[in-house]
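Asks: This is the structure I have questions about; it appears just below.
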Amino acid sequence: MTDTRDQRPAEATLAFLRSAFPPEWREPALGHDAVADWERENRVVLPEPYRTFIAEIGNGSSLGPAGDGGLQPLGRLPDTWPGLGPRQPGEPFALEGAWPWEDDEGVDPEDPRINAAFTKGSIVLGAEDGPSFWLLLTAGPRRGEVWMIADVGAIPAPGDPAWGFTEWVQRWHTGNDWWD
């Protein structure tokens, strides 16, 4: 189990997250006990401030940085998610840097690293333009970063260094240097 406990986010961070997702657009928060149960089942401790966000503020929202349906509730997958096997958020994320596999001539489409990039070490925050997905990395050296993954490759968002959950929400909320 990835048991990296982060420090509770500052109240200013939580206040910003509350303001970015108005109550009428939020799913009910899970509570700390339900989050801890999910973490035990999935053998991972979620990175902060996402962990406190879903426990105390809201477990997803119909609006948010993910363009197709907003911020997904914990453990839920967008309708367009490819069926690549069971999710394993407690296993280390398969990549340490961007990998546009469609440009890698030596890669077979059935390469197990591609499947691992989709299934290990992350939770799905939402979908973007159908077959592209926002991930929050939950295990491995890049834990806490937001990445974009699609059928063509995976990259840290917006590049190196990658955004964390708060910055991802902040960039969307302010429109400042938002994803293109």
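In the structure tokens, chains take the letters A, B, ... in the order shown, each chain's residues start at 1, and ligands count up from 1 in the order shown.
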Determine which residues of range 84-172 of chain A receive a DSSP assignment of helix (DSSP H, G or I), computed from the backbone, and state them as a list in words.

Replies: Trp101, Glu102, Asp103, Pro112, Arg113, Ile114, Asn115, Ala116, Ala117, Phe118, Thr119, Phe165, Thr166, Glu167, Trp168, Val169, Gln170, Arg171 and Trp172 of chain A

Asks: Write out as a list in words which residues come within 10 Å of Arg113 in chain A when counting only C-alpha atoms, dropping same-chain ones fewer than 6 positions away.

Replies: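 The residues satisfying every condition are Ala94, Leu95, Trp101, Val107, Thr119 and Lys120 of chain A.
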
Asks: As a ChimeraX atom specification, please: the residues near Pro89 in chain A (cut-off 12 Å, only C-alpha atoms, same-chain neighbours under 6 positions excluded).

Replies: /A:1-3,38-47,74-75,116-124,135-140,143

Asks: With a distance cut-off of 9 Å and only C-alpha atoms, select the neighbouring residues of Val152 in chain A, excluding the residue or stretch itself and same-chain residues fewer than 6 positions from it, and output the selection as a list in words.

Replies: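 So, after excluding close chain neighbours, the residues are Trp99, Pro100, Trp101, Glu102 and Asp103 of chain A.
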
Asks: Write to file, as a PDB file, in the first residue's frame, the residues of the selection just made, with N, CA and C atoms.

Replies:
ATOM      1  N   TRP A  99       5.276  10.519 -22.599  1.00  0.00           N
ATOM      2  CA  TRP A  99       5.527   9.473 -23.592  1.00  0.00           C
ATOM      3  C   TRP A  99       4.434   9.527 -24.660  1.00  0.00           C
ATOM      4  N   PRO A 100       4.723  10.183 -25.800  1.00  0.00           N
ATOM      5  CA  PRO A 100       3.773  10.155 -26.918  1.00  0.00           C
ATOM      6  C   PRO A 100       3.990   8.875 -27.737  1.00  0.00           C
ATOM      7  N   TRP A 101       3.391   7.780 -27.304  1.00  0.00           N
ATOM      8  CA  TRP A 101       3.673   6.487 -27.912  1.00  0.00           C
ATOM      9  C   TRP A 101       3.282   6.405 -29.375  1.00  0.00           C
ATOM     10  N   GLU A 102       2.367   7.268 -29.838  1.00  0.00           N
ATOM     11  CA  GLU A 102       2.018   7.214 -31.259  1.00  0.00           C
ATOM     12  C   GLU A 102       3.207   7.619 -32.129  1.00  0.00           C
ATOM     13  N   ASP A 103       4.151   8.383 -31.569  1.00  0.00           N
ATOM     14  CA  ASP A 103       5.340   8.805 -32.310  1.00  0.00           C
ATOM     15  C   ASP A 103       6.511   7.848 -32.139  1.00  0.00           C
TER      16      ASP A 103
END

Asks: Would you please work out which residue, of A:Gly83, A:Pro23, A:Pro73, A:Pro65, is nearest to Val146 in chain A when using only C-alpha atoms?

Replies: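 Nearest to Val146 in chain A: A:Pro65.
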
Asks: Taking the backbone alone, and naming residues the way the document does, which bits of range 31-171 of chain A are strand (DSSP E or B) by DSSP, as a PyMOL selection string?

Replies: chain A and resi 44+61+68+71+88+99+120+122-128+132-137+145-150+153-156+164

Asks: Find the residues near Gly70 in chain A: any atom within 9 Å, counting only C-alpha atoms, skip ones fewer than 3 places away on the same chain, and give them as a ChimeraX atom specification.

Replies: /A:60-67,125-127

Asks: Compile the contact shell of Glu128 in chain A as a ChimeraX atom specification: residues with an atom at most 10 Å away, counting only C-alpha atoms, same-chain residues fewer than 2 positions apart removed.

Replies: /A:65-70,78,80,126,130-134,148-150

Asks: Mind dumping the selected residues with C-alpha atoms as a compact mmCIF listing (two decimals), in the first residue's frame?

Replies:
# COMPACT_ATOMS: atom_id res chain seq x y z
CA PRO A 65 -11.61 21.54 -15.30
CA ALA A 66 -12.58 18.34 -17.09
CA GLY A 67 -14.53 19.54 -20.13
CA ASP A 68 -16.76 16.49 -20.54
CA GLY A 69 -18.99 16.34 -17.46
CA GLY A 70 -16.86 18.12 -14.88
CA PRO A 78 -16.15 8.57 -17.66
CA THR A 80 -15.55 7.09 -22.79
CA GLY A 126 -12.49 13.47 -15.80
CA GLY A 130 -14.00 12.16 -25.51
CA PRO A 131 -10.90 9.95 -25.57
CA SER A 132 -8.59 12.14 -23.46
CA PHE A 133 -8.55 11.93 -19.68
CA TRP A 134 -7.23 13.89 -16.72
CA MET A 148 -3.40 13.98 -19.50
CA ILE A 149 -3.64 10.54 -21.11
CA ALA A 150 -5.19 9.55 -24.43

Asks: For a quick check of understanding, using only C-alpha atoms, which of A:Gly106, A:Gly144, A:Pro112, A:Gly85 has the smallest distance to Pro156 in chain A?

Replies: A:Gly144

Asks: Neighbouring residues of range 7-14 of chain A were defined as those with any atom within 7 Å, considering only C-alpha atoms; residues of the same chain fewer than 4 positions away were excluded. Please report them as a count of residues only.

Replies: 3

Asks: Compare A:Pro109, A:Pro86, A:Gly31, A:Pro22 by their minimum atom-to-atom distance to His173 in chain A, counting only C-alpha atoms, and give me the closest one.

Replies: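 Nearest candidate to His173 in chain A out of A:Pro109, A:Pro86, A:Gly31, A:Pro22: A:Pro22.
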
Asks: Please measure the separation of CA of Gln170 in chain A and CA of Arg142 in chain A, giving the value in Å to one decimal.

Replies: 19.8 Å

Asks: Which of these, A:Ala34, A:Phe21, A:Arg51, A:Gln88, has the shortest distance to Asp6 in chain A once you count only C-alpha atoms?

Replies: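 Using only C-alpha atoms, Asp6 in chain A sits closest to A:Arg51.
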
Asks: What does the distance from CA of Val35 in chain A to CA of Asp79 in chain A come to in Å, to one decimal?

Replies: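 Between CA of Val35 in chain A and CA of Asp79 in chain A the gap works out to 23.0 Å.
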
Asks: Take CA of Asp104 in chain A and CA of Trp168 in chain A and report the distance between them in Å, one decimal.

Replies: 28.1 Å
